[in-house]
>>> print(open('protein-v2.cif').read())   # mmCIF, N, CA and C atoms
data_protein
#
loop_
_atom_site.label_atom_id
_atom_site.label_comp_id
_atom_site.auth_asym_id
_atom_site.auth_seq_id
_atom_site.Cartn_x
_atom_site.Cartn_y
_atom_site.Cartn_z
N MET A 1 14.86 16.61 18.51
CA MET A 1 14.31 17.93 18.29
C MET A 1 13.16 18.17 19.25
N GLY A 2 12.97 19.40 19.59
CA GLY A 2 11.85 19.78 20.44
C GLY A 2 11.29 21.11 19.99
N ARG A 3 10.26 21.51 20.63
CA ARG A 3 9.58 22.75 20.25
C ARG A 3 10.41 23.98 20.60
N VAL A 4 10.19 25.02 19.81
CA VAL A 4 10.78 26.33 20.06
C VAL A 4 9.63 27.30 20.24
N MET A 5 9.78 28.21 21.18
CA MET A 5 8.78 29.23 21.45
C MET A 5 9.36 30.58 21.05
N ALA A 6 8.51 31.47 20.55
CA ALA A 6 8.96 32.83 20.24
C ALA A 6 8.14 33.82 21.04
N LEU A 7 8.78 34.92 21.41
CA LEU A 7 8.12 35.99 22.14
C LEU A 7 8.25 37.30 21.37
N ASP A 8 7.15 38.00 21.28
CA ASP A 8 7.13 39.36 20.76
C ASP A 8 6.82 40.25 21.95
N LEU A 9 7.88 40.82 22.55
CA LEU A 9 7.72 41.60 23.78
C LEU A 9 7.17 42.98 23.49
N GLY A 10 6.13 43.34 24.21
CA GLY A 10 5.57 44.67 24.13
C GLY A 10 5.38 45.23 25.53
N GLU A 11 5.12 46.50 25.62
CA GLU A 11 4.97 47.13 26.93
C GLU A 11 3.67 46.72 27.61
N LYS A 12 2.64 46.39 26.84
CA LYS A 12 1.34 46.00 27.42
C LYS A 12 1.05 44.51 27.29
N ARG A 13 1.57 43.89 26.24
CA ARG A 13 1.28 42.48 25.96
C ARG A 13 2.53 41.78 25.43
N ILE A 14 2.53 40.45 25.57
CA ILE A 14 3.60 39.62 25.02
C ILE A 14 2.95 38.58 24.12
N GLY A 15 3.31 38.61 22.85
CA GLY A 15 2.82 37.61 21.93
C GLY A 15 3.68 36.37 22.04
N VAL A 16 3.03 35.20 22.05
CA VAL A 16 3.74 33.94 22.18
C VAL A 16 3.35 33.05 21.01
N ALA A 17 4.36 32.45 20.38
CA ALA A 17 4.14 31.50 19.29
C ALA A 17 4.91 30.23 19.61
N LEU A 18 4.50 29.14 18.97
CA LEU A 18 5.10 27.84 19.25
C LEU A 18 5.33 27.08 17.95
N SER A 19 6.45 26.37 17.88
CA SER A 19 6.71 25.52 16.71
C SER A 19 6.11 24.14 16.95
N ASP A 20 6.00 23.38 15.89
CA ASP A 20 5.65 21.97 16.03
C ASP A 20 6.91 21.24 16.51
N PRO A 21 6.80 19.97 16.94
CA PRO A 21 7.98 19.25 17.44
C PRO A 21 9.11 19.10 16.43
N THR A 22 8.80 19.13 15.13
CA THR A 22 9.86 18.98 14.12
C THR A 22 10.48 20.32 13.74
N ARG A 23 10.02 21.38 14.35
CA ARG A 23 10.52 22.74 14.10
C ARG A 23 10.34 23.15 12.64
N THR A 24 9.19 22.82 12.10
CA THR A 24 8.88 23.14 10.71
C THR A 24 7.92 24.32 10.60
N ILE A 25 6.89 24.31 11.43
CA ILE A 25 5.82 25.30 11.32
C ILE A 25 5.64 26.04 12.64
N ALA A 26 5.47 27.34 12.56
CA ALA A 26 5.18 28.17 13.73
C ALA A 26 3.71 28.55 13.70
N ARG A 27 3.12 28.63 14.89
CA ARG A 27 1.73 29.07 14.98
C ARG A 27 1.58 29.97 16.19
N PRO A 28 0.67 30.94 16.09
CA PRO A 28 0.40 31.79 17.26
C PRO A 28 -0.15 30.93 18.39
N LEU A 29 0.23 31.22 19.61
CA LEU A 29 -0.24 30.43 20.75
C LEU A 29 -1.15 31.25 21.66
N VAL A 30 -0.63 32.34 22.19
CA VAL A 30 -1.39 33.12 23.17
C VAL A 30 -0.80 34.52 23.27
N VAL A 31 -1.61 35.44 23.78
CA VAL A 31 -1.14 36.78 24.11
C VAL A 31 -1.22 36.90 25.63
N LEU A 32 -0.07 37.17 26.25
CA LEU A 32 -0.02 37.32 27.70
C LEU A 32 -0.09 38.80 28.06
N PRO A 33 -0.96 39.16 28.99
CA PRO A 33 -0.96 40.55 29.44
C PRO A 33 0.29 40.79 30.28
N ARG A 34 0.87 41.95 30.15
CA ARG A 34 2.05 42.29 30.94
C ARG A 34 1.56 42.95 32.23
N THR A 35 1.38 42.15 33.26
CA THR A 35 0.94 42.68 34.54
C THR A 35 2.14 42.95 35.43
N SER A 36 2.92 41.92 35.68
CA SER A 36 4.16 42.05 36.44
C SER A 36 5.16 41.07 35.84
N ARG A 37 6.44 41.31 36.08
CA ARG A 37 7.45 40.39 35.56
C ARG A 37 7.27 39.01 36.18
N ARG A 38 6.94 38.97 37.45
CA ARG A 38 6.74 37.68 38.13
C ARG A 38 5.62 36.88 37.47
N ALA A 39 4.50 37.54 37.18
CA ALA A 39 3.37 36.84 36.54
C ALA A 39 3.75 36.36 35.15
N VAL A 40 4.49 37.16 34.42
CA VAL A 40 4.93 36.78 33.07
C VAL A 40 5.86 35.57 33.15
N VAL A 41 6.82 35.60 34.06
CA VAL A 41 7.76 34.48 34.21
C VAL A 41 7.00 33.21 34.57
N GLU A 42 6.06 33.31 35.49
CA GLU A 42 5.28 32.13 35.88
C GLU A 42 4.48 31.58 34.70
N ALA A 43 3.85 32.47 33.94
CA ALA A 43 3.08 32.02 32.77
C ALA A 43 3.99 31.37 31.74
N LEU A 44 5.15 31.97 31.49
CA LEU A 44 6.08 31.39 30.52
C LEU A 44 6.62 30.04 30.99
N ARG A 45 6.92 29.92 32.27
CA ARG A 45 7.39 28.64 32.81
C ARG A 45 6.34 27.54 32.61
N ARG A 46 5.08 27.88 32.85
CA ARG A 46 4.00 26.90 32.64
C ARG A 46 3.92 26.49 31.17
N LEU A 47 4.00 27.47 30.27
CA LEU A 47 3.95 27.16 28.84
C LEU A 47 5.14 26.31 28.40
N ILE A 48 6.32 26.65 28.90
CA ILE A 48 7.53 25.90 28.57
C ILE A 48 7.38 24.44 28.99
N ALA A 49 6.89 24.22 30.19
CA ALA A 49 6.72 22.86 30.69
C ALA A 49 5.61 22.12 29.94
N ALA A 50 4.48 22.79 29.74
CA ALA A 50 3.34 22.13 29.09
C ALA A 50 3.64 21.72 27.66
N HIS A 51 4.44 22.51 26.95
CA HIS A 51 4.71 22.24 25.54
C HIS A 51 6.10 21.66 25.29
N GLU A 52 6.83 21.36 26.36
CA GLU A 52 8.18 20.79 26.25
C GLU A 52 9.08 21.62 25.34
N VAL A 53 9.14 22.90 25.64
CA VAL A 53 9.93 23.85 24.86
C VAL A 53 11.41 23.70 25.22
N GLU A 54 12.25 23.71 24.19
CA GLU A 54 13.69 23.56 24.39
C GLU A 54 14.47 24.85 24.21
N ALA A 55 13.86 25.86 23.59
CA ALA A 55 14.53 27.15 23.40
C ALA A 55 13.48 28.23 23.14
N ILE A 56 13.87 29.45 23.41
CA ILE A 56 12.99 30.59 23.17
C ILE A 56 13.69 31.58 22.25
N VAL A 57 12.96 32.06 21.26
CA VAL A 57 13.44 33.09 20.34
C VAL A 57 12.72 34.39 20.73
N ILE A 58 13.50 35.43 20.94
CA ILE A 58 12.90 36.73 21.27
C ILE A 58 13.21 37.70 20.14
N GLY A 59 12.15 38.29 19.63
CA GLY A 59 12.30 39.25 18.54
C GLY A 59 12.92 40.54 19.02
N LEU A 60 13.94 40.99 18.31
CA LEU A 60 14.62 42.25 18.61
C LEU A 60 14.26 43.26 17.52
N PRO A 61 13.50 44.31 17.88
CA PRO A 61 13.02 45.25 16.86
C PRO A 61 14.08 46.25 16.42
N ARG A 62 14.78 45.90 15.39
CA ARG A 62 15.79 46.81 14.82
C ARG A 62 15.11 47.75 13.82
N SER A 63 15.78 48.84 13.53
CA SER A 63 15.27 49.76 12.50
C SER A 63 15.55 49.15 11.13
N LEU A 64 15.01 49.72 10.09
CA LEU A 64 15.24 49.19 8.75
C LEU A 64 16.72 49.18 8.38
N SER A 65 17.49 50.10 8.97
CA SER A 65 18.93 50.14 8.70
C SER A 65 19.69 49.07 9.48
N GLY A 66 19.00 48.43 10.44
CA GLY A 66 19.64 47.41 11.26
C GLY A 66 20.10 47.92 12.61
N ALA A 67 19.97 49.21 12.84
CA ALA A 67 20.41 49.80 14.11
C ALA A 67 19.42 49.47 15.23
N GLU A 68 19.94 49.47 16.46
CA GLU A 68 19.10 49.27 17.63
C GLU A 68 18.74 50.61 18.23
N GLY A 69 17.48 50.97 18.15
CA GLY A 69 17.00 52.21 18.72
C GLY A 69 16.52 51.99 20.14
N PRO A 70 15.82 52.99 20.70
CA PRO A 70 15.33 52.90 22.08
C PRO A 70 14.42 51.69 22.33
N GLN A 71 13.56 51.36 21.38
CA GLN A 71 12.66 50.21 21.56
C GLN A 71 13.45 48.90 21.63
N ALA A 72 14.45 48.74 20.77
CA ALA A 72 15.27 47.53 20.80
C ALA A 72 16.06 47.45 22.10
N GLN A 73 16.54 48.57 22.59
CA GLN A 73 17.28 48.57 23.85
C GLN A 73 16.37 48.19 25.01
N TRP A 74 15.11 48.66 24.99
CA TRP A 74 14.15 48.30 26.02
C TRP A 74 13.86 46.79 25.97
N VAL A 75 13.63 46.27 24.76
CA VAL A 75 13.35 44.84 24.59
C VAL A 75 14.54 44.03 25.08
N ARG A 76 15.74 44.45 24.75
CA ARG A 76 16.94 43.71 25.17
C ARG A 76 17.01 43.65 26.71
N ARG A 77 16.77 44.77 27.38
CA ARG A 77 16.81 44.77 28.85
C ARG A 77 15.73 43.86 29.43
N GLU A 78 14.52 43.95 28.90
CA GLU A 78 13.41 43.12 29.39
C GLU A 78 13.69 41.63 29.14
N ALA A 79 14.17 41.33 27.95
CA ALA A 79 14.44 39.94 27.59
C ALA A 79 15.58 39.35 28.43
N GLU A 80 16.60 40.14 28.70
CA GLU A 80 17.69 39.65 29.53
C GLU A 80 17.21 39.34 30.94
N ALA A 81 16.31 40.17 31.47
CA ALA A 81 15.75 39.92 32.80
C ALA A 81 14.92 38.64 32.79
N LEU A 82 14.12 38.43 31.74
CA LEU A 82 13.33 37.20 31.63
C LEU A 82 14.24 35.98 31.48
N ALA A 83 15.25 36.10 30.63
CA ALA A 83 16.14 34.96 30.33
C ALA A 83 16.82 34.43 31.58
N ARG A 84 17.13 35.32 32.52
CA ARG A 84 17.78 34.88 33.76
C ARG A 84 16.86 34.00 34.60
N GLN A 85 15.55 34.08 34.36
CA GLN A 85 14.59 33.35 35.18
C GLN A 85 13.92 32.18 34.46
N LEU A 86 14.29 31.95 33.21
CA LEU A 86 13.66 30.87 32.45
C LEU A 86 14.60 29.68 32.34
N PRO A 87 14.04 28.46 32.28
CA PRO A 87 14.86 27.25 32.31
C PRO A 87 15.40 26.78 30.95
N VAL A 88 15.24 27.59 29.91
CA VAL A 88 15.72 27.20 28.58
C VAL A 88 16.55 28.33 27.98
N PRO A 89 17.41 28.02 27.00
CA PRO A 89 18.22 29.07 26.37
C PRO A 89 17.35 30.04 25.59
N VAL A 90 17.83 31.28 25.51
CA VAL A 90 17.14 32.35 24.78
C VAL A 90 18.02 32.80 23.63
N VAL A 91 17.39 32.97 22.46
CA VAL A 91 18.09 33.40 21.25
C VAL A 91 17.45 34.70 20.77
N TRP A 92 18.28 35.64 20.34
CA TRP A 92 17.77 36.90 19.75
C TRP A 92 17.50 36.68 18.27
N TRP A 93 16.46 37.33 17.74
CA TRP A 93 16.19 37.24 16.31
C TRP A 93 15.67 38.57 15.82
N ASP A 94 16.20 39.02 14.70
CA ASP A 94 15.79 40.29 14.09
C ASP A 94 14.31 40.20 13.69
N GLU A 95 13.52 41.10 14.20
CA GLU A 95 12.08 41.03 13.92
C GLU A 95 11.59 42.18 13.06
N ARG A 96 12.47 42.78 12.29
CA ARG A 96 12.04 43.88 11.43
C ARG A 96 10.82 43.50 10.61
N LEU A 97 9.81 44.32 10.66
CA LEU A 97 8.58 44.20 9.88
C LEU A 97 7.71 43.00 10.25
N SER A 98 7.96 42.35 11.38
CA SER A 98 7.13 41.18 11.74
C SER A 98 5.67 41.56 11.97
N THR A 99 5.42 42.70 12.58
CA THR A 99 4.04 43.12 12.83
C THR A 99 3.35 43.48 11.52
N VAL A 100 4.08 44.12 10.62
CA VAL A 100 3.51 44.46 9.31
C VAL A 100 3.18 43.17 8.55
N THR A 101 4.08 42.19 8.58
CA THR A 101 3.83 40.92 7.91
C THR A 101 2.63 40.21 8.53
N ALA A 102 2.54 40.21 9.85
CA ALA A 102 1.40 39.57 10.53
C ALA A 102 0.09 40.25 10.15
N ALA A 103 0.10 41.57 10.07
CA ALA A 103 -1.12 42.31 9.68
C ALA A 103 -1.52 41.97 8.24
N THR A 104 -0.53 41.81 7.38
CA THR A 104 -0.81 41.45 5.98
C THR A 104 -1.42 40.06 5.90
N TYR A 105 -0.84 39.09 6.63
CA TYR A 105 -1.40 37.74 6.66
C TYR A 105 -2.83 37.76 7.17
N ARG A 106 -3.06 38.53 8.23
CA ARG A 106 -4.40 38.62 8.80
C ARG A 106 -5.39 39.18 7.79
N ALA A 107 -5.00 40.22 7.09
CA ALA A 107 -5.88 40.84 6.10
C ALA A 107 -6.20 39.85 4.98
N LEU A 108 -5.21 39.07 4.56
CA LEU A 108 -5.44 38.08 3.50
C LEU A 108 -6.41 36.98 3.94
N ARG A 109 -6.38 36.66 5.22
CA ARG A 109 -7.29 35.64 5.76
C ARG A 109 -8.67 36.21 6.07
N GLY A 110 -8.78 37.53 6.13
CA GLY A 110 -10.04 38.15 6.48
C GLY A 110 -10.36 38.05 7.95
N ALA A 111 -9.34 37.94 8.80
CA ALA A 111 -9.54 37.81 10.24
C ALA A 111 -9.95 39.14 10.86
N ARG A 112 -10.48 39.05 12.06
CA ARG A 112 -10.91 40.25 12.79
C ARG A 112 -9.72 41.15 13.08
N ARG A 113 -9.93 42.44 12.91
CA ARG A 113 -8.83 43.38 13.11
C ARG A 113 -8.69 43.84 14.55
N ARG A 114 -9.70 43.64 15.38
CA ARG A 114 -9.63 44.15 16.74
C ARG A 114 -8.72 43.32 17.63
N ASP A 115 -8.52 42.06 17.31
CA ASP A 115 -7.67 41.22 18.15
C ASP A 115 -6.21 41.67 18.03
N PRO A 116 -5.46 41.59 19.15
CA PRO A 116 -4.04 41.99 19.09
C PRO A 116 -3.25 41.12 18.11
N LEU A 117 -2.28 41.73 17.47
CA LEU A 117 -1.42 41.03 16.51
C LEU A 117 -0.21 40.37 17.16
N ASP A 118 -0.06 40.52 18.45
CA ASP A 118 1.17 40.10 19.13
C ASP A 118 1.55 38.64 18.90
N ALA A 119 0.59 37.72 19.06
CA ALA A 119 0.92 36.30 18.89
C ALA A 119 1.21 35.99 17.43
N GLU A 120 0.50 36.65 16.52
CA GLU A 120 0.77 36.43 15.10
C GLU A 120 2.15 36.98 14.72
N ALA A 121 2.52 38.12 15.30
CA ALA A 121 3.86 38.67 15.04
C ALA A 121 4.92 37.72 15.59
N ALA A 122 4.67 37.12 16.75
CA ALA A 122 5.61 36.13 17.31
C ALA A 122 5.74 34.94 16.37
N ALA A 123 4.63 34.52 15.76
CA ALA A 123 4.67 33.39 14.81
C ALA A 123 5.49 33.75 13.57
N VAL A 124 5.40 34.99 13.11
CA VAL A 124 6.21 35.43 11.96
C VAL A 124 7.69 35.39 12.34
N ILE A 125 8.02 35.88 13.52
CA ILE A 125 9.42 35.85 14.00
C ILE A 125 9.91 34.42 14.06
N LEU A 126 9.10 33.54 14.64
CA LEU A 126 9.51 32.15 14.81
C LEU A 126 9.64 31.43 13.47
N GLN A 127 8.72 31.66 12.55
CA GLN A 127 8.80 30.99 11.24
C GLN A 127 10.07 31.43 10.51
N ASP A 128 10.40 32.71 10.59
CA ASP A 128 11.62 33.22 9.97
C ASP A 128 12.84 32.54 10.58
N TYR A 129 12.86 32.42 11.89
CA TYR A 129 13.97 31.76 12.59
C TYR A 129 14.08 30.30 12.17
N LEU A 130 12.95 29.58 12.16
CA LEU A 130 12.96 28.16 11.79
C LEU A 130 13.48 27.96 10.37
N GLU A 131 13.04 28.79 9.45
CA GLU A 131 13.49 28.67 8.06
C GLU A 131 14.98 28.97 7.94
N ALA A 132 15.47 29.95 8.68
CA ALA A 132 16.90 30.26 8.64
C ALA A 132 17.72 29.11 9.22
N GLN A 133 17.22 28.47 10.27
CA GLN A 133 17.93 27.33 10.86
C GLN A 133 18.00 26.16 9.90
N ARG A 134 16.89 25.90 9.19
CA ARG A 134 16.88 24.81 8.20
C ARG A 134 17.85 25.11 7.07
N ALA A 135 17.86 26.35 6.60
CA ALA A 135 18.77 26.73 5.52
C ALA A 135 20.22 26.59 5.95
N ALA A 136 20.53 26.98 7.18
CA ALA A 136 21.90 26.88 7.68
C ALA A 136 22.32 25.42 7.82
N ALA A 137 21.38 24.57 8.25
CA ALA A 137 21.69 23.14 8.41
C ALA A 137 21.89 22.45 7.07
N ALA A 138 21.20 22.94 6.04
CA ALA A 138 21.33 22.35 4.72
C ALA A 138 22.67 22.69 4.07
N GLY A 139 23.27 23.78 4.49
CA GLY A 139 24.56 24.18 3.94
C GLY A 139 24.40 24.84 2.59
N PRO A 140 25.52 25.21 1.99
CA PRO A 140 25.46 25.87 0.68
C PRO A 140 24.97 24.91 -0.40
N GLU A 141 24.24 25.48 -1.32
CA GLU A 141 23.74 24.67 -2.44
C GLU A 141 24.89 24.29 -3.35
N LEU A 142 24.82 23.09 -3.89
CA LEU A 142 25.85 22.63 -4.81
C LEU A 142 25.60 23.20 -6.20
N SER A 143 26.65 23.58 -6.84
CA SER A 143 26.54 24.11 -8.19
C SER A 143 26.61 22.94 -9.18
N SER A 144 25.88 23.07 -10.29
CA SER A 144 25.91 22.01 -11.29
C SER A 144 27.02 22.21 -12.29
N GLU A 145 27.84 23.20 -12.10
CA GLU A 145 28.93 23.47 -13.04
C GLU A 145 30.11 22.57 -12.81
#
>>> encode(input="protein-v2.cif", output="structure tokens")
Amino acid sequence: MGRVMALDLGEKRIGVALSDPTRTIARPLVVLPRTSRRAVVEALRRLIAAHEVEAIVIGLPRSLSGAEGPQAQWVRREAEALARQLPVPVVWWDERLSTVTAATYRALRGARRRDPLDAEAAAVILQDYLEAQRAAAAGPELSSE
């Protein structure tokens, strides 16, 4: 097993989160400014190498109904362009309400509100992905009947 990284792509910033080596816990890592695609790719490559990342999860912002609107289509195009330049596989993950969940966690902790939520939203996306992977690996629960 190795670390998994998650990205919360935005037009101005990219939130980055990282799992522990056992893929149990996700934590916010950094917020990258979106200056140019080249700079973003270089920063992500450095992070991938430094943390021995084996896969990247990119949050896809679907609507509550599950449909892909203009924002999801933009994220998909941006993520596909990044994926072609990164040395690890990229996985899509539904990120509905990740920013709202991150804001709720922040409020419960009493953290500063001025800091961007992007890395925390990426951590919410990644934690959801990690938990779904563990549940899928465990298989269906056995019935006692």
>>> closest_residue(input="protein-v2.cif", among="A:Ile48, A:Val40, A:Gly10, A:Val57", to="Val75 (chain A)", atoms="all atoms listed in the file")
A:Gly10
>>> atom_distance(input="protein-v2.cif", atom1="CA of Met5 (chain A)", atom2="CA of Val53 (chain A)")
6.5 Å
>>> atom_distance(input="protein-v2.cif", atom1="CA of Val30 (chain A)", atom2="atom C of Pro70 (chain A)")
24.4 Å
>>> closest_residue(input="protein-v2.cif", among="A:Glu120, A:Val41, A:Ile125, A:Glu95", to="Ala83 (chain A)", atoms="only C-alpha atoms")
A:Val41
>>> residues_around(input="protein-v2.cif", residues="region 89-91 of chain A", least_positions_apart="4", cutoff="5 Å", atoms="all atoms listed in the file", output="PyMOL selection string")
chain A and resi 55-58
>>> atom_distance(input="protein-v2.cif", atom1="CA of Arg27 (chain A)", atom2="CA of Leu130 (chain A)")
11.7 Å
>>> residues_around(input="protein-v2.cif", residues="Lys12 (chain A)", least_positions_apart="4", cutoff="6.5 Å", atoms="all atoms listed in the file", output="number ranges by chain")
A: 32-35
>>> resolve_selection(input="protein-v2.cif", expression="the PyMOL selection byres ((chain A and resi 18) around 6)", output="JSON list (two decimals) with N, CA and C atoms, keeping the file's coordinate frame")
[["chain", "number", "residue", "atom", "x", "y", "z"],
["A", 4, "VAL", "N", 10.19, 25.02, 19.81],
["A", 4, "VAL", "CA", 10.78, 26.33, 20.06],
["A", 4, "VAL", "C", 9.63, 27.30, 20.24],
["A", 5, "MET", "N", 9.78, 28.21, 21.18],
["A", 5, "MET", "CA", 8.78, 29.23, 21.45],
["A", 5, "MET", "C", 9.36, 30.58, 21.05],
["A", 6, "ALA", "N", 8.51, 31.47, 20.55],
["A", 6, "ALA", "CA", 8.96, 32.83, 20.24],
["A", 6, "ALA", "C", 8.14, 33.82, 21.04],
["A", 16, "VAL", "N", 3.03, 35.20, 22.05],
["A", 16, "VAL", "CA", 3.74, 33.94, 22.18],
["A", 16, "VAL", "C", 3.35, 33.05, 21.01],
["A", 17, "ALA", "N", 4.36, 32.45, 20.38],
["A", 17, "ALA", "CA", 4.14, 31.50, 19.29],
["A", 17, "ALA", "C", 4.91, 30.23, 19.61],
["A", 19, "SER", "N", 6.45, 26.37, 17.88],
["A", 19, "SER", "CA", 6.71, 25.52, 16.71],
["A", 19, "SER", "C", 6.11, 24.14, 16.95],
["A", 20, "ASP", "N", 6.00, 23.38, 15.89],
["A", 20, "ASP", "CA", 5.65, 21.97, 16.03],
["A", 20, "ASP", "C", 6.91, 21.24, 16.51],
["A", 25, "ILE", "N", 6.89, 24.31, 11.43],
["A", 25, "ILE", "CA", 5.82, 25.30, 11.32],
["A", 25, "ILE", "C", 5.64, 26.04, 12.64],
["A", 26, "ALA", "N", 5.47, 27.34, 12.56],
["A", 26, "ALA", "CA", 5.18, 28.17, 13.73],
["A", 26, "ALA", "C", 3.71, 28.55, 13.70],
["A", 27, "ARG", "N", 3.12, 28.63, 14.89],
["A", 27, "ARG", "CA", 1.73, 29.07, 14.98],
["A", 27, "ARG", "C", 1.58, 29.97, 16.19],
["A", 28, "PRO", "N", 0.67, 30.94, 16.09],
["A", 28, "PRO", "CA", 0.40, 31.79, 17.26],
["A", 28, "PRO", "C", -0.15, 30.93, 18.39],
["A", 29, "LEU", "N", 0.23, 31.22, 19.61],
["A", 29, "LEU", "CA", -0.24, 30.43, 20.75],
["A", 29, "LEU", "C", -1.15, 31.25, 21.66],
["A", 123, "ALA", "N", 4.63, 34.52, 15.76],
["A", 123, "ALA", "CA", 4.67, 33.39, 14.81],
["A", 123, "ALA", "C", 5.49, 33.75, 13.57]]
>>> residues_around(input="protein-v2.cif", residues="Thr22 (chain A)", least_positions_apart="5", cutoff="7 Å", atoms="all atoms listed in the file", output="mmCIF file with N, CA and C atoms, in the frame of the given file")
data_model
loop_
_atom_site.group_PDB
_atom_site.id
_atom_site.type_symbol
_atom_site.label_atom_id
_atom_site.label_comp_id
_atom_site.auth_asym_id
_atom_site.auth_seq_id
_atom_site.Cartn_x
_atom_site.Cartn_y
_atom_site.Cartn_z
ATOM 1 N N MET A 1 14.860 16.610 18.510
ATOM 2 C CA MET A 1 14.310 17.930 18.290
ATOM 3 C C MET A 1 13.160 18.170 19.250
ATOM 4 N N GLY A 2 12.970 19.400 19.590
ATOM 5 C CA GLY A 2 11.850 19.780 20.440
ATOM 6 C C GLY A 2 11.290 21.110 19.990
ATOM 7 N N ARG A 3 10.260 21.510 20.630
ATOM 8 C CA ARG A 3 9.580 22.750 20.250
ATOM 9 C C ARG A 3 10.410 23.980 20.600
#
